[in-house]
2 protein chains.
Amino acid sequence: MNARFQIAIHILTLLDHADGEVLSSDYMAGSLNTNPALVRKEISNLRNHGLIDSKEGKGGGYTLSLSADKITLDMIYRTVKTGPLLGSSKNQPNPACPIGRQIGGQIGKLYDEVDHEILTKLSTITLAEFSRNFD
Amino acid sequence: MNARFQIAIHILTLLDHADGEVLSSDYMAGSLNTNPALVRKEISNLRNHGLIDSKEGKGGGYTLSLSADKITLDMIYRTVKTGPLLGSSKNQPNPACPIGRQIGGQIGKLYDEVDHEILTKLSTITLAEFSRNFD
DNA sequence: TGTACTGTAATAATTTTAATTACAGATAAA
DNA sequence: TTTATCTGTAATTAAAATTATTACAGTACA
């Protein structure tokens, strides 16, 4: 998931710098140093979350759906996130033990709190701000 | 790492509830529903970080090194943590691209900020408080 | 000296993640 | 209307990370 988050931000940063011009998955794969299908796969996800528009066919490619100062990093993070960042393990502690029985729930609560903290932090940073750090 | 954090907290919670009595890796493996060697391995790490004392030989086992209200969850998290929580991917973007060249550093900075946020949050919770939630 | 523990290395199994290939569908332009 | 260029997505393979297990030497108590 770490790698996917990086890929997603990378893609969106490229699109922001493209300034409205469409970019192809092939071009982006060059910058990411990976193959186009992987890029398209991640873009497919970003599009489902409303961050990217695509155009098929010759001369097609991708653009941002929203202006970069309307995209916060938590929005990007959410597209890539499955469960809580820290969890959740598939450990199956012993239900006959009081600690074992309750640990999952208690850890879950903790992870949710931490997750909320992360999302709040990421929501204070826009793609535009992030993207501005590049020469 | 997620699972290891859960295992570490689980172990420490058991020890807190044991109230000074030594617990064996075998007993804890019962609560964790896993095997003793795995428990000992994680404990070995916790001991290296000064959280657990061990006693070898017959009648041996484990106790907390510190009172549970002196152990904060960030201390536990640090024992299990290798790099930043979100990172760091081994992607190797294209250095010939301005974005590709700098993305690693920019992401790294971001991850460090997020990490700091998480540690700060975890430092506000003691093992004693966490442990108190169990019946 | 036997029993009950820890400590740790080595290895095997499993799961997860990432990368690749392949090809059908869409669009624009010649 | 055909060709070139691009997206969309499924299927597969490859690689990596994680977790689990086995095994056994070392230590301490009775």
# chains A, B, ... in the order shown; residues from 1 in each chain; ligands from 1
>>> residues_around(residues="stretch 50-60 of chain B", least_positions_apart="2", cutoff="12 Å", atoms="only C-alpha atoms (C1' of nucleotides)", output="tab-separated table (two decimals) with C-alpha atoms (C1' of nucleotides), in the first residue's frame")
chain	number	residue	atom	x	y	z
B	8	ALA	CA	3.75	-6.94	21.42
B	9	ILE	CA	0.82	-5.14	23.01
B	11	ILE	CA	2.19	-9.74	25.52
B	12	LEU	CA	2.64	-6.58	27.54
B	13	THR	CA	-1.03	-6.52	28.48
B	14	LEU	CA	-0.81	-10.09	29.71
B	15	LEU	CA	2.23	-9.20	31.79
B	16	ASP	CA	0.52	-6.17	33.25
B	20	GLY	CA	4.42	-9.17	38.90
B	21	GLU	CA	4.09	-12.93	38.53
B	22	VAL	CA	6.32	-14.42	35.86
B	23	LEU	CA	4.58	-15.76	32.79
B	24	SER	CA	6.08	-18.37	30.49
B	25	SER	CA	6.23	-18.12	26.70
B	26	ASP	CA	4.16	-21.25	26.62
B	27	TYR	CA	1.35	-19.71	28.62
B	40	ARG	CA	9.97	-15.57	22.67
B	42	GLU	CA	9.02	-10.90	20.00
B	43	ILE	CA	9.88	-10.79	23.68
B	44	SER	CA	13.54	-10.89	22.83
B	45	ASN	CA	13.00	-7.70	20.93
B	46	LEU	CA	10.96	-6.10	23.70
B	47	ARG	CA	13.67	-7.00	26.18
B	48	ASN	CA	16.32	-5.41	23.99
B	62	TYR	CA	8.85	-12.88	31.96
B	63	THR	CA	7.84	-9.74	33.82
B	64	LEU	CA	7.52	-6.06	32.94
B	65	SER	CA	10.68	-4.00	33.43
B	66	LEU	CA	8.72	-0.84	34.12
B	67	SER	CA	5.41	-0.17	35.75
B	68	ALA	CA	2.66	-0.07	33.17
B	70	LYS	CA	5.52	4.40	32.70
B	71	ILE	CA	5.16	2.57	29.38
B	72	THR	CA	3.53	4.59	26.62
B	73	LEU	CA	2.30	3.01	23.43
B	75	MET	CA	7.55	3.02	23.21
B	76	ILE	CA	5.97	-0.24	22.13
B	77	TYR	CA	5.45	0.91	18.60
B	78	ARG	CA	9.10	1.92	18.32
B	79	THR	CA	10.25	-1.59	19.23
B	127	LEU	CA	-0.03	0.64	28.75
C	2	DG	C1'	16.22	-34.65	35.76
C	3	DT	C1'	12.83	-31.27	34.64
C	4	DA	C1'	11.22	-26.99	32.97
C	5	DC	C1'	12.21	-23.21	31.23
C	6	DT	C1'	14.63	-19.45	27.84
C	7	DG	C1'	17.51	-18.05	23.51
D	26	DG	C1'	22.06	-23.14	27.37
D	27	DT	C1'	20.41	-22.05	32.14
D	28	DA	C1'	18.46	-22.71	36.71
D	29	DC	C1'	16.02	-24.94	40.21
D	30	DA	C1'	14.88	-28.92	43.11
>>> interface_residues(of="chain C", to="chain A", cutoff="10 Å", atoms="only C-alpha atoms (C1' of nucleotides)", output="PyMOL selection string")
chain C and resi 17-21+25-29
>>> closest_residue(among="B:Asp74, B:Leu110, B:Asn33, B:Phe130", to="A:Phe5", atoms="only C-alpha atoms")
B:Leu110
>>> interface_residues(of="chain B", to="chain A", cutoff="8 Å", atoms="only C-alpha atoms", output="ChimeraX atom specification")
/B:2-3,6,10,13-14,30-34,86-100,102-103,106-107,114,117-118,121-122,130,133-135
>>> closest_atom_pairs(of="chain D", to="chain A", cutoff="12 Å", atoms="only C-alpha atoms (C1' of nucleotides)", output="JSON lines")
{"residue": "D:DT3", "atom": "C1'", "partner": "A:Lys58", "partner_atom": "CA", "distance": 11.2}
{"residue": "D:DA4", "atom": "C1'", "partner": "A:Lys58", "partner_atom": "CA", "distance": 7.7}
{"residue": "D:DT5", "atom": "C1'", "partner": "A:Lys58", "partner_atom": "CA", "distance": 4.5}
{"residue": "D:DC6", "atom": "C1'", "partner": "A:Gly57", "partner_atom": "CA", "distance": 4.6}
{"residue": "D:DT7", "atom": "C1'", "partner": "A:Glu56", "partner_atom": "CA", "distance": 4.8}
{"residue": "D:DG8", "atom": "C1'", "partner": "A:Arg40", "partner_atom": "CA", "distance": 8.0}
{"residue": "D:DT9", "atom": "C1'", "partner": "A:Lys41", "partner_atom": "CA", "distance": 8.3}
{"residue": "D:DA10", "atom": "C1'", "partner": "A:Lys41", "partner_atom": "CA", "distance": 11.3}
{"residue": "D:DT18", "atom": "C1'", "partner": "A:Ser89", "partner_atom": "CA", "distance": 11.5}
{"residue": "D:DT19", "atom": "C1'", "partner": "A:Asn91", "partner_atom": "CA", "distance": 10.4}
{"residue": "D:DA20", "atom": "C1'", "partner": "A:Asn91", "partner_atom": "CA", "distance": 12.0}
>>> write_last_selection(atoms="C-alpha atoms (C1' of nucleotides)", output="PDB file, in the first residue's frame")
ATOM      1  C1'  DT D   3      -4.712   2.475 -39.676  1.00  0.00           C
ATOM      2  C1'  DA D   4      -2.342   4.135 -35.702  1.00  0.00           C
ATOM      3  C1'  DT D   5      -2.589   5.269 -31.009  1.00  0.00           C
ATOM      4  C1'  DC D   6      -4.375   5.151 -26.898  1.00  0.00           C
ATOM      5  C1'  DT D   7      -7.299   3.258 -22.728  1.00  0.00           C
ATOM      6  C1'  DG D   8      -9.529  -0.712 -19.838  1.00  0.00           C
ATOM      7  C1'  DT D   9      -9.063  -4.799 -17.704  1.00  0.00           C
ATOM      8  C1'  DA D  10      -8.347  -9.645 -16.903  1.00  0.00           C
ATOM      9  C1'  DT D  18       5.796 -12.117   6.632  1.00  0.00           C
ATOM     10  C1'  DT D  19       4.568 -15.693   9.636  1.00  0.00           C
ATOM     11  C1'  DA D  20       4.950 -20.194  11.493  1.00  0.00           C
TER      12       DA D  20
END
